[in-house]
Amino acid sequence: MKTVFLSSAYLAPVEYYTKLLSYDKVCMEQHDHYVKQTYRNRCTIAAPDGELALSIPTVKPDTLKCPMKDIRISDHGNWRHLHWNAIESAYNHTPFFEYYKDDFRPFYEKKYEFLIDFNEELCHLVCSLVDIQPTMVRTSEYHTEFMPDEDDFRERIHPKKDFTLEDTEFSPQPYYQVFQERLGFLPNLSIIDLLFNMGPESLLVLQRSYQ
């Protein structure tokens, strides 16, 4: 039985979902120290002018080393409205946005207190739409040692790191993207890019992207 350790992520990239598909068990880390500028609170979508990062503002914790499970979402800057507008303007011409938009919109209308809960519920929604059924649990403590059948991707799936070096099993398969003629194919964007462009075929793309 193969187990993977992952950090919590906001509308995680395609690479992340290949792990949910290919491992028997997924341990979602909640005891790691929260770090900004990671997928914990940001995702990357394809806007008309290129890649666009959307970041959720968080409440500044009292201590420098605050565990992820205690990180609260801030209401600063009307971010829910801005994120939904950005997603809608980026994807309203994709083949499947109309089909899925009512599933996602409530996440930008309801207030969540904790980032990890928001990320987790969004992840469960995406899994149901893509039709994957990962066995997911939250960690009970922070692991630093791993068994041979356990893989640690908590810091390897990262917007600042090159996935071609960090993850040789991940080989992103090109798929239709609405701005492809202008931008070329943009690999490893947020899972919603795949979902809104490919719909039910998203699962096939994920399967082919894992070697």
# chains A, B, ... in the order shown; residues from 1 in each chain; ligands from 1
>>> select_by_dssp(residues="chain A", states="strand (DSSP E or B)", output="number ranges by chain")
A: 3-7, 13, 25-29, 33, 42-47, 50-55, 58, 67, 72-73, 114, 136-138, 150-152, 170, 190, 210
>>> write_last_selection(atoms="N, CA, C and O atoms", output="compact mmCIF listing (two decimals), in the first residue's frame")
# COMPACT_ATOMS: atom_id res chain seq x y z
N THR A 3 1.64 5.25 0.19
CA THR A 3 1.10 6.43 0.85
C THR A 3 1.89 7.66 0.42
O THR A 3 3.11 7.61 0.29
N VAL A 4 1.18 8.75 0.19
CA VAL A 4 1.84 10.01 -0.14
C VAL A 4 1.46 11.08 0.89
O VAL A 4 0.33 11.12 1.37
N PHE A 5 2.44 11.90 1.25
CA PHE A 5 2.21 13.04 2.15
C PHE A 5 2.19 14.31 1.31
O PHE A 5 3.14 14.57 0.56
N LEU A 6 1.13 15.07 1.45
CA LEU A 6 0.96 16.31 0.69
C LEU A 6 0.62 17.46 1.63
O LEU A 6 0.00 17.25 2.68
N SER A 7 1.00 18.66 1.23
CA SER A 7 0.54 19.84 1.97
C SER A 7 -0.87 20.18 1.49
O SER A 7 -1.29 19.78 0.41
N PRO A 13 -2.37 22.25 -8.38
CA PRO A 13 -2.04 22.01 -9.79
C PRO A 13 -2.30 20.56 -10.20
O PRO A 13 -2.52 19.68 -9.36
N LYS A 25 -3.21 5.81 -0.37
CA LYS A 25 -3.60 6.63 0.77
C LYS A 25 -2.91 7.99 0.68
O LYS A 25 -1.74 8.07 0.31
N VAL A 26 -3.66 9.04 1.00
CA VAL A 26 -3.12 10.40 0.96
C VAL A 26 -3.18 10.97 2.38
O VAL A 26 -4.25 11.04 2.98
N CYS A 27 -2.02 11.38 2.90
CA CYS A 27 -1.96 12.03 4.22
C CYS A 27 -1.80 13.54 4.00
O CYS A 27 -0.78 13.99 3.48
N MET A 28 -2.84 14.27 4.38
CA MET A 28 -2.83 15.72 4.21
C MET A 28 -2.19 16.35 5.44
O MET A 28 -2.70 16.21 6.55
N GLU A 29 -1.08 17.03 5.22
CA GLU A 29 -0.32 17.58 6.35
C GLU A 29 -1.04 18.79 6.95
O GLU A 29 -1.37 19.73 6.24
N HIS A 33 4.52 24.02 9.40
CA HIS A 33 4.50 25.46 9.61
C HIS A 33 4.03 26.14 8.34
O HIS A 33 4.51 25.85 7.25
N ARG A 42 -2.41 29.64 -2.73
CA ARG A 42 -2.43 30.24 -4.06
C ARG A 42 -2.58 29.17 -5.13
O ARG A 42 -2.16 28.02 -4.95
N CYS A 43 -3.20 29.58 -6.23
CA CYS A 43 -3.30 28.71 -7.40
C CYS A 43 -2.93 29.53 -8.63
O CYS A 43 -2.89 30.76 -8.59
N THR A 44 -2.66 28.83 -9.73
CA THR A 44 -2.26 29.50 -10.97
C THR A 44 -3.23 29.11 -12.07
O THR A 44 -3.41 27.91 -12.35
N ILE A 45 -3.84 30.12 -12.69
CA ILE A 45 -4.79 29.87 -13.78
C ILE A 45 -4.25 30.48 -15.07
O ILE A 45 -3.28 31.23 -15.05
N ALA A 46 -4.91 30.17 -16.19
CA ALA A 46 -4.52 30.75 -17.48
C ALA A 46 -5.45 31.90 -17.80
O ALA A 46 -6.61 31.69 -18.14
N ALA A 47 -4.93 33.11 -17.67
CA ALA A 47 -5.68 34.31 -18.04
C ALA A 47 -5.33 34.67 -19.50
O ALA A 47 -4.38 34.12 -20.07
N GLY A 50 -1.67 35.33 -20.00
CA GLY A 50 -0.69 34.37 -19.49
C GLY A 50 -1.06 33.85 -18.12
O GLY A 50 -2.21 33.99 -17.69
N GLU A 51 -0.10 33.27 -17.44
CA GLU A 51 -0.38 32.69 -16.12
C GLU A 51 -0.72 33.79 -15.12
O GLU A 51 -0.11 34.85 -15.11
N LEU A 52 -1.71 33.50 -14.28
CA LEU A 52 -2.15 34.45 -13.26
C LEU A 52 -2.25 33.71 -11.92
O LEU A 52 -2.95 32.70 -11.81
N ALA A 53 -1.53 34.22 -10.92
CA ALA A 53 -1.58 33.61 -9.59
C ALA A 53 -2.67 34.30 -8.76
O ALA A 53 -2.74 35.52 -8.70
N LEU A 54 -3.51 33.49 -8.13
CA LEU A 54 -4.55 33.98 -7.23
C LEU A 54 -4.18 33.56 -5.82
O LEU A 54 -4.01 32.37 -5.54
N SER A 55 -4.06 34.52 -4.91
CA SER A 55 -3.64 34.22 -3.53
C SER A 55 -4.73 34.59 -2.54
O SER A 55 -5.30 35.68 -2.62
N THR A 58 -4.37 35.71 4.30
CA THR A 58 -4.54 35.01 5.57
C THR A 58 -4.31 35.97 6.74
O THR A 58 -3.64 37.00 6.60
N PRO A 67 1.10 26.34 12.90
CA PRO A 67 0.73 25.17 12.10
C PRO A 67 -0.38 25.50 11.10
O PRO A 67 -1.23 26.36 11.35
N ARG A 72 -6.02 31.13 9.62
CA ARG A 72 -7.35 31.66 9.32
C ARG A 72 -7.33 32.47 8.03
O ARG A 72 -6.35 33.13 7.71
N ILE A 73 -8.44 32.44 7.33
CA ILE A 73 -8.61 33.22 6.11
C ILE A 73 -8.99 34.65 6.49
O ILE A 73 -9.82 34.88 7.36
N PHE A 114 -11.12 28.70 8.49
CA PHE A 114 -9.77 28.13 8.39
C PHE A 114 -9.44 27.75 6.94
O PHE A 114 -10.25 27.14 6.24
N MET A 136 -8.27 9.85 1.87
CA MET A 136 -7.53 11.00 2.41
C MET A 136 -7.75 11.12 3.92
O MET A 136 -8.87 11.01 4.39
N VAL A 137 -6.64 11.34 4.63
CA VAL A 137 -6.72 11.59 6.07
C VAL A 137 -5.81 12.76 6.41
O VAL A 137 -4.83 13.02 5.70
N ARG A 138 -6.12 13.46 7.48
CA ARG A 138 -5.21 14.50 7.96
C ARG A 138 -4.17 13.87 8.87
O ARG A 138 -4.47 12.92 9.59
N GLU A 150 6.29 5.04 1.57
CA GLU A 150 5.73 6.38 1.80
C GLU A 150 6.56 7.43 1.04
O GLU A 150 7.79 7.38 1.08
N ASP A 151 5.89 8.33 0.37
CA ASP A 151 6.57 9.39 -0.38
C ASP A 151 6.15 10.75 0.16
O ASP A 151 4.97 10.98 0.45
N ASP A 152 7.12 11.64 0.27
CA ASP A 152 6.89 12.97 0.84
C ASP A 152 6.94 14.02 -0.27
O ASP A 152 8.01 14.34 -0.79
N PHE A 170 5.95 12.60 -12.97
CA PHE A 170 4.92 13.47 -13.52
C PHE A 170 5.33 13.98 -14.89
O PHE A 170 6.37 14.62 -15.04
N SER A 190 -3.56 25.12 -12.27
CA SER A 190 -4.57 24.62 -11.33
C SER A 190 -5.46 23.58 -11.99
O SER A 190 -5.75 23.65 -13.19
N TYR A 210 0.82 10.54 -15.46
CA TYR A 210 1.55 9.86 -14.39
C TYR A 210 2.23 8.63 -14.97
O TYR A 210 1.58 7.75 -15.51
>>> residues_around(residues="Thr38 (chain A)", least_positions_apart="4", cutoff="8 Å", atoms="only C-alpha atoms", output="JSON, numbers by chain")
{"A": [42, 158, 159, 160]}
>>> residues_around(residues="Leu11 (chain A)", least_positions_apart="5", cutoff="10 Å", atoms="only C-alpha atoms", output="mmCIF file with N, CA, C and O atoms, in the first residue's frame")
data_model
loop_
_atom_site.group_PDB
_atom_site.id
_atom_site.type_symbol
_atom_site.label_atom_id
_atom_site.label_comp_id
_atom_site.auth_asym_id
_atom_site.auth_seq_id
_atom_site.Cartn_x
_atom_site.Cartn_y
_atom_site.Cartn_z
ATOM 1 N N TYR A 16 -0.464 17.638 -8.473
ATOM 2 C CA TYR A 16 -1.008 17.258 -7.160
ATOM 3 C C TYR A 16 -2.100 16.202 -7.322
ATOM 4 O O TYR A 16 -2.145 15.214 -6.576
ATOM 5 N N TYR A 17 -2.955 16.396 -8.306
ATOM 6 C CA TYR A 17 -4.070 15.454 -8.490
ATOM 7 C C TYR A 17 -3.630 14.121 -9.081
ATOM 8 O O TYR A 17 -4.317 13.113 -8.908
ATOM 9 N N TYR A 39 1.514 26.696 -2.669
ATOM 10 C CA TYR A 39 0.158 26.331 -3.109
ATOM 11 C C TYR A 39 -0.835 26.245 -1.952
ATOM 12 O O TYR A 39 -2.022 26.060 -2.178
ATOM 13 N N ARG A 40 -0.360 26.399 -0.724
ATOM 14 C CA ARG A 40 -1.287 26.350 0.410
ATOM 15 C C ARG A 40 -2.376 27.427 0.274
ATOM 16 O O ARG A 40 -3.527 27.189 0.630
ATOM 17 N N ASN A 41 -1.981 28.596 -0.236
ATOM 18 C CA ASN A 41 -2.984 29.667 -0.348
ATOM 19 C C ASN A 41 -2.999 30.316 -1.741
ATOM 20 O O ASN A 41 -3.532 31.398 -1.915
ATOM 21 N N ARG A 42 -2.405 29.641 -2.726
ATOM 22 C CA ARG A 42 -2.426 30.236 -4.063
ATOM 23 C C ARG A 42 -2.579 29.170 -5.131
ATOM 24 O O ARG A 42 -2.159 28.019 -4.954
ATOM 25 N N CYS A 43 -3.200 29.582 -6.231
ATOM 26 C CA CYS A 43 -3.303 28.710 -7.401
ATOM 27 C C CYS A 43 -2.931 29.531 -8.630
ATOM 28 O O CYS A 43 -2.890 30.757 -8.595
ATOM 29 N N THR A 44 -2.656 28.831 -9.729
ATOM 30 C CA THR A 44 -2.265 29.502 -10.969
ATOM 31 C C THR A 44 -3.229 29.110 -12.074
ATOM 32 O O THR A 44 -3.415 27.915 -12.348
ATOM 33 N N ILE A 45 -3.844 30.117 -12.692
ATOM 34 C CA ILE A 45 -4.786 29.866 -13.782
ATOM 35 C C ILE A 45 -4.253 30.485 -15.070
ATOM 36 O O ILE A 45 -3.276 31.235 -15.053
ATOM 37 N N LEU A 54 -3.511 33.486 -8.131
ATOM 38 C CA LEU A 54 -4.550 33.985 -7.228
ATOM 39 C C LEU A 54 -4.183 33.560 -5.815
ATOM 40 O O LEU A 54 -4.007 32.370 -5.545
ATOM 41 N N PHE A 118 -11.295 25.132 3.942
ATOM 42 C CA PHE A 118 -11.661 25.635 2.618
ATOM 43 C C PHE A 118 -10.978 24.807 1.530
ATOM 44 O O PHE A 118 -11.629 24.324 0.583
ATOM 45 N N ASN A 119 -9.662 24.621 1.664
ATOM 46 C CA ASN A 119 -8.915 23.837 0.670
ATOM 47 C C ASN A 119 -9.428 22.410 0.576
ATOM 48 O O ASN A 119 -9.569 21.851 -0.517
ATOM 49 N N GLU A 120 -9.701 21.809 1.728
ATOM 50 C CA GLU A 120 -10.119 20.408 1.762
ATOM 51 C C GLU A 120 -11.480 20.212 1.099
ATOM 52 O O GLU A 120 -11.668 19.269 0.314
ATOM 53 N N LEU A 122 -12.877 22.132 -1.167
ATOM 54 C CA LEU A 122 -12.692 22.343 -2.605
ATOM 55 C C LEU A 122 -12.065 21.109 -3.254
ATOM 56 O O LEU A 122 -12.457 20.696 -4.344
ATOM 57 N N CYS A 123 -11.099 20.524 -2.570
ATOM 58 C CA CYS A 123 -10.433 19.324 -3.086
ATOM 59 C C CYS A 123 -11.421 18.171 -3.229
ATOM 60 O O CYS A 123 -11.426 17.459 -4.239
ATOM 61 N N VAL A 126 -13.544 18.793 -6.313
ATOM 62 C CA VAL A 126 -12.812 18.500 -7.545
ATOM 63 C C VAL A 126 -12.698 16.993 -7.767
ATOM 64 O O VAL A 126 -12.914 16.493 -8.878
ATOM 65 N N LEU A 189 -1.012 23.862 -14.542
ATOM 66 C CA LEU A 189 -1.825 24.910 -13.938
ATOM 67 C C LEU A 189 -2.757 24.285 -12.901
ATOM 68 O O LEU A 189 -2.773 23.065 -12.709
ATOM 69 N N SER A 190 -3.563 25.123 -12.265
ATOM 70 C CA SER A 190 -4.574 24.625 -11.329
ATOM 71 C C SER A 190 -5.458 23.576 -11.994
ATOM 72 O O SER A 190 -5.752 23.649 -13.187
ATOM 73 N N ILE A 191 -5.907 22.638 -11.206
ATOM 74 C CA ILE A 191 -6.788 21.570 -11.697
ATOM 75 C C ILE A 191 -8.035 22.126 -12.382
ATOM 76 O O ILE A 191 -8.581 21.488 -13.283
ATOM 77 N N ILE A 192 -8.475 23.333 -12.011
ATOM 78 C CA ILE A 192 -9.684 23.864 -12.656
ATOM 79 C C ILE A 192 -9.440 24.193 -14.119
ATOM 80 O O ILE A 192 -10.373 24.177 -14.924
ATOM 81 N N ASP A 193 -8.187 24.482 -14.488
ATOM 82 C CA ASP A 193 -7.887 24.717 -15.895
ATOM 83 C C ASP A 193 -8.178 23.456 -16.710
ATOM 84 O O ASP A 193 -8.807 23.510 -17.774
#
>>> closest_residue(among="A:Ile157, A:Glu166, A:Phe185, A:Gly199", to="Ala12 (chain A)", atoms="only C-alpha atoms")
A:Ile157
>>> residues_around(residues="region 59-61 of chain A", least_positions_apart="4", cutoff="10 Å", atoms="only C-alpha atoms", output="short mmCIF file (atom, residue, chain, number, x, y, z; two decimals) with N, CA and C atoms, in the first residue's frame")
data_model
loop_
_atom_site.label_atom_id
_atom_site.label_comp_id
_atom_site.auth_asym_id
_atom_site.auth_seq_id
_atom_site.Cartn_x
_atom_site.Cartn_y
_atom_site.Cartn_z
N TYR A 34 3.09 27.05 8.49
CA TYR A 34 2.54 27.74 7.33
C TYR A 34 3.59 28.64 6.69
N LYS A 65 5.96 30.38 13.79
CA LYS A 65 5.79 28.97 13.42
C LYS A 65 4.38 28.50 13.75
N CYS A 66 3.44 28.95 12.94
CA CYS A 66 2.03 28.60 13.15
C CYS A 66 1.67 27.39 12.30
N PRO A 67 1.10 26.34 12.90
CA PRO A 67 0.73 25.17 12.10
C PRO A 67 -0.38 25.50 11.10
N ASP A 70 -4.12 25.94 11.94
CA ASP A 70 -4.58 27.11 12.69
C ASP A 70 -4.63 28.39 11.86
N ILE A 71 -4.29 28.29 10.58
CA ILE A 71 -4.26 29.49 9.72
C ILE A 71 -5.68 29.89 9.33
N ARG A 72 -6.02 31.13 9.62
CA ARG A 72 -7.35 31.66 9.32
C ARG A 72 -7.33 32.47 8.03
N ILE A 73 -8.44 32.44 7.33
CA ILE A 73 -8.61 33.22 6.11
C ILE A 73 -8.99 34.65 6.49
N SER A 74 -8.36 35.60 5.82
CA SER A 74 -8.67 37.01 6.04
C SER A 74 -9.75 37.47 5.05
N ASP A 75 -10.55 38.45 5.46
CA ASP A 75 -11.53 39.03 4.54
C ASP A 75 -10.94 40.21 3.77
N HIS A 76 -9.66 40.41 3.92
CA HIS A 76 -9.01 41.59 3.36
C HIS A 76 -9.15 41.65 1.83
N GLU A 113 -13.64 29.90 7.99
CA GLU A 113 -12.71 30.48 8.96
C GLU A 113 -11.28 30.01 8.71
N PHE A 114 -11.12 28.70 8.49
CA PHE A 114 -9.77 28.13 8.39
C PHE A 114 -9.44 27.75 6.94
N LEU A 115 -8.23 28.10 6.54
CA LEU A 115 -7.77 27.83 5.18
C LEU A 115 -7.79 26.33 4.86
#
>>> select_by_dssp(residues="region 15-198 of chain A", states="alpha helix (DSSP H)", output="PyMOL selection string")
chain A and resi 15-22+79-91+97-104+115-130+163-166+180-183+191-198
>>> write_last_selection(atoms="C-alpha atoms", output="compact mmCIF listing (two decimals), in the first residue's frame")
# COMPACT_ATOMS: atom_id res chain seq x y z
CA GLU A 15 0.62 17.34 -10.61
CA TYR A 16 -1.01 17.26 -7.16
CA TYR A 17 -4.07 15.45 -8.49
CA THR A 18 -1.95 12.78 -10.16
CA LYS A 19 -0.86 11.91 -6.61
CA LEU A 20 -4.46 11.68 -5.40
CA LEU A 21 -5.12 9.33 -8.29
CA SER A 22 -2.07 7.10 -8.07
CA TRP A 79 -10.63 38.52 -2.40
CA ARG A 80 -13.58 36.14 -2.90
CA HIS A 81 -15.17 38.51 -5.39
CA LEU A 82 -11.84 39.15 -7.13
CA HIS A 83 -10.95 35.46 -7.40
CA TRP A 84 -14.34 34.48 -8.77
CA ASN A 85 -14.26 37.33 -11.29
CA ALA A 86 -10.78 36.26 -12.40
CA ILE A 87 -11.85 32.61 -12.76
CA GLU A 88 -15.00 33.58 -14.63
CA SER A 89 -13.23 35.92 -17.05
CA ALA A 90 -10.48 33.34 -17.67
CA TYR A 91 -12.77 30.38 -18.24
CA PHE A 97 -17.29 26.29 -17.39
CA GLU A 98 -21.07 26.63 -17.65
CA TYR A 99 -21.41 23.00 -16.66
CA TYR A 100 -19.35 23.27 -13.46
CA LYS A 101 -19.57 26.92 -12.37
CA ASP A 102 -22.49 26.40 -9.98
CA ASP A 103 -20.42 23.81 -8.10
CA PHE A 104 -17.60 26.29 -7.49
CA LEU A 115 -7.77 27.83 5.18
CA ILE A 116 -7.29 24.08 5.55
CA ASP A 117 -11.07 23.49 5.70
CA PHE A 118 -11.66 25.64 2.62
CA ASN A 119 -8.92 23.84 0.67
CA GLU A 120 -10.12 20.41 1.76
CA GLU A 121 -13.74 20.96 0.78
CA LEU A 122 -12.69 22.34 -2.60
CA CYS A 123 -10.43 19.32 -3.09
CA HIS A 124 -13.29 16.92 -2.31
CA LEU A 125 -15.48 18.73 -4.84
CA VAL A 126 -12.81 18.50 -7.55
CA CYS A 127 -12.26 14.80 -6.83
CA SER A 128 -15.98 14.12 -7.23
CA LEU A 129 -16.13 16.07 -10.51
CA VAL A 130 -13.01 14.40 -11.92
CA PHE A 163 8.41 19.94 -11.37
CA THR A 164 10.55 18.33 -14.10
CA LEU A 165 13.38 18.08 -11.53
CA GLU A 166 11.30 17.44 -8.40
CA GLN A 180 -3.46 28.01 -26.47
CA GLU A 181 -3.08 29.68 -29.87
CA ARG A 182 -1.86 32.86 -28.18
CA LEU A 183 0.07 31.46 -25.21
CA ILE A 191 -6.79 21.57 -11.70
CA ILE A 192 -9.68 23.86 -12.66
CA ASP A 193 -7.89 24.72 -15.89
CA LEU A 194 -8.00 21.05 -16.85
CA LEU A 195 -11.55 20.58 -15.62
CA PHE A 196 -13.08 23.59 -17.36
CA ASN A 197 -11.31 22.80 -20.63
CA MET A 198 -11.67 19.00 -20.73
>>> atom_distance(atom1="CA of Thr94 (chain A)", atom2="CA of Asp167 (chain A)")
28.9 Å
>>> residues_around(residues="Pro174 (chain A)", least_positions_apart="4", cutoff="10 Å", atoms="only C-alpha atoms", output="list in words")
Phe185, Leu186, Pro187, Asn188, Leu194, Val205, Arg208 and Ser209 of chain A
>>> residues_around(residues="His31 (chain A)", least_positions_apart="4", cutoff="8 Å", atoms="only C-alpha atoms", output="PDB file with C-alpha atoms, in the first residue's frame")
ATOM      1  CA  PRO A  67       0.730  25.172  12.096  1.00  0.00           C
ATOM      2  CA  MET A  68      -1.301  25.063   8.895  1.00  0.00           C
ATOM      3  CA  LYS A  69      -4.388  23.818  10.749  1.00  0.00           C
ATOM      4  CA  THR A 139      -1.918  13.890   9.717  1.00  0.00           C
ATOM      5  CA  SER A 140      -1.938  13.422  13.484  1.00  0.00           C
ATOM      6  CA  GLU A 141       1.659  14.678  13.868  1.00  0.00           C
ATOM      7  CA  TYR A 142       4.483  16.030  11.733  1.00  0.00           C
TER       8      TYR A 142
END
>>> decode(residues="region 6-24 of chain A", atoms="N, CA and C atoms", output="PDB file, in the first residue's frame")
ATOM      1  N   LEU A   6       1.126  15.073   1.449  1.00  0.00           N
ATOM      2  CA  LEU A   6       0.961  16.312   0.691  1.00  0.00           C
ATOM      3  C   LEU A   6       0.624  17.461   1.629  1.00  0.00           C
ATOM      4  N   SER A   7       0.997  18.662   1.234  1.00  0.00           N
ATOM      5  CA  SER A   7       0.539  19.836   1.970  1.00  0.00           C
ATOM      6  C   SER A   7      -0.871  20.178   1.493  1.00  0.00           C
ATOM      7  N   SER A   8      -1.585  20.920   2.315  1.00  0.00           N
ATOM      8  CA  SER A   8      -2.882  21.436   1.890  1.00  0.00           C
ATOM      9  C   SER A   8      -2.658  22.415   0.734  1.00  0.00           C
ATOM     10  N   ALA A   9      -3.600  22.473  -0.210  1.00  0.00           N
ATOM     11  CA  ALA A   9      -3.400  23.350  -1.367  1.00  0.00           C
ATOM     12  C   ALA A   9      -4.728  23.911  -1.862  1.00  0.00           C
ATOM     13  N   TYR A  10      -4.676  25.136  -2.310  1.00  0.00           N
ATOM     14  CA  TYR A  10      -5.839  25.839  -2.870  1.00  0.00           C
ATOM     15  C   TYR A  10      -5.924  25.557  -4.366  1.00  0.00           C
ATOM     16  N   LEU A  11      -6.967  24.836  -4.777  1.00  0.00           N
ATOM     17  CA  LEU A  11      -7.138  24.477  -6.193  1.00  0.00           C
ATOM     18  C   LEU A  11      -5.799  24.065  -6.797  1.00  0.00           C
ATOM     19  N   ALA A  12      -5.265  22.997  -6.236  1.00  0.00           N
ATOM     20  CA  ALA A  12      -3.898  22.548  -6.505  1.00  0.00           C
ATOM     21  C   ALA A  12      -3.647  22.287  -7.987  1.00  0.00           C
ATOM     22  N   PRO A  13      -2.366  22.254  -8.380  1.00  0.00           N
ATOM     23  CA  PRO A  13      -2.041  22.008  -9.786  1.00  0.00           C
ATOM     24  C   PRO A  13      -2.296  20.558 -10.195  1.00  0.00           C
ATOM     25  N   VAL A  14      -2.234  20.334 -11.488  1.00  0.00           N
ATOM     26  CA  VAL A  14      -2.500  19.010 -12.061  1.00  0.00           C
ATOM     27  C   VAL A  14      -1.599  17.950 -11.420  1.00  0.00           C
ATOM     28  N   GLU A  15      -0.334  18.277 -11.222  1.00  0.00           N
ATOM     29  CA  GLU A  15       0.624  17.337 -10.614  1.00  0.00           C
ATOM     30  C   GLU A  15       0.087  16.772  -9.300  1.00  0.00           C
ATOM     31  N   TYR A  16      -0.464  17.638  -8.473  1.00  0.00           N
ATOM     32  CA  TYR A  16      -1.008  17.258  -7.160  1.00  0.00           C
ATOM     33  C   TYR A  16      -2.100  16.202  -7.322  1.00  0.00           C
ATOM     34  N   TYR A  17      -2.955  16.396  -8.306  1.00  0.00           N
ATOM     35  CA  TYR A  17      -4.070  15.454  -8.490  1.00  0.00           C
ATOM     36  C   TYR A  17      -3.630  14.121  -9.081  1.00  0.00           C
ATOM     37  N   THR A  18      -2.471  14.089  -9.749  1.00  0.00           N
ATOM     38  CA  THR A  18      -1.954  12.778 -10.163  1.00  0.00           C
ATOM     39  C   THR A  18      -1.572  11.952  -8.941  1.00  0.00           C
ATOM     40  N   LYS A  19      -1.186  12.630  -7.845  1.00  0.00           N
ATOM     41  CA  LYS A  19      -0.863  11.906  -6.605  1.00  0.00           C
ATOM     42  C   LYS A  19      -2.143  11.352  -5.961  1.00  0.00           C
ATOM     43  N   LEU A  20      -3.192  12.151  -5.968  1.00  0.00           N
ATOM     44  CA  LEU A  20      -4.458  11.680  -5.400  1.00  0.00           C
ATOM     45  C   LEU A  20      -4.979  10.469  -6.169  1.00  0.00           C
ATOM     46  N   LEU A  21      -4.667  10.423  -7.438  1.00  0.00           N
ATOM     47  CA  LEU A  21      -5.125   9.327  -8.291  1.00  0.00           C
ATOM     48  C   LEU A  21      -4.277   8.065  -8.127  1.00  0.00           C
ATOM     49  N   SER A  22      -2.977   8.246  -7.926  1.00  0.00           N
ATOM     50  CA  SER A  22      -2.067   7.101  -8.070  1.00  0.00           C
ATOM     51  C   SER A  22      -1.622   6.460  -6.754  1.00  0.00           C
ATOM     52  N   TYR A  23      -1.955   7.084  -5.616  1.00  0.00           N
ATOM     53  CA  TYR A  23      -1.561   6.503  -4.327  1.00  0.00           C
ATOM     54  C   TYR A  23      -2.761   5.870  -3.622  1.00  0.00           C
ATOM     55  N   ASP A  24      -2.492   4.834  -2.835  1.00  0.00           N
ATOM     56  CA  ASP A  24      -3.566   4.150  -2.107  1.00  0.00           C
ATOM     57  C   ASP A  24      -4.097   5.007  -0.960  1.00  0.00           C
TER      58      ASP A  24
END
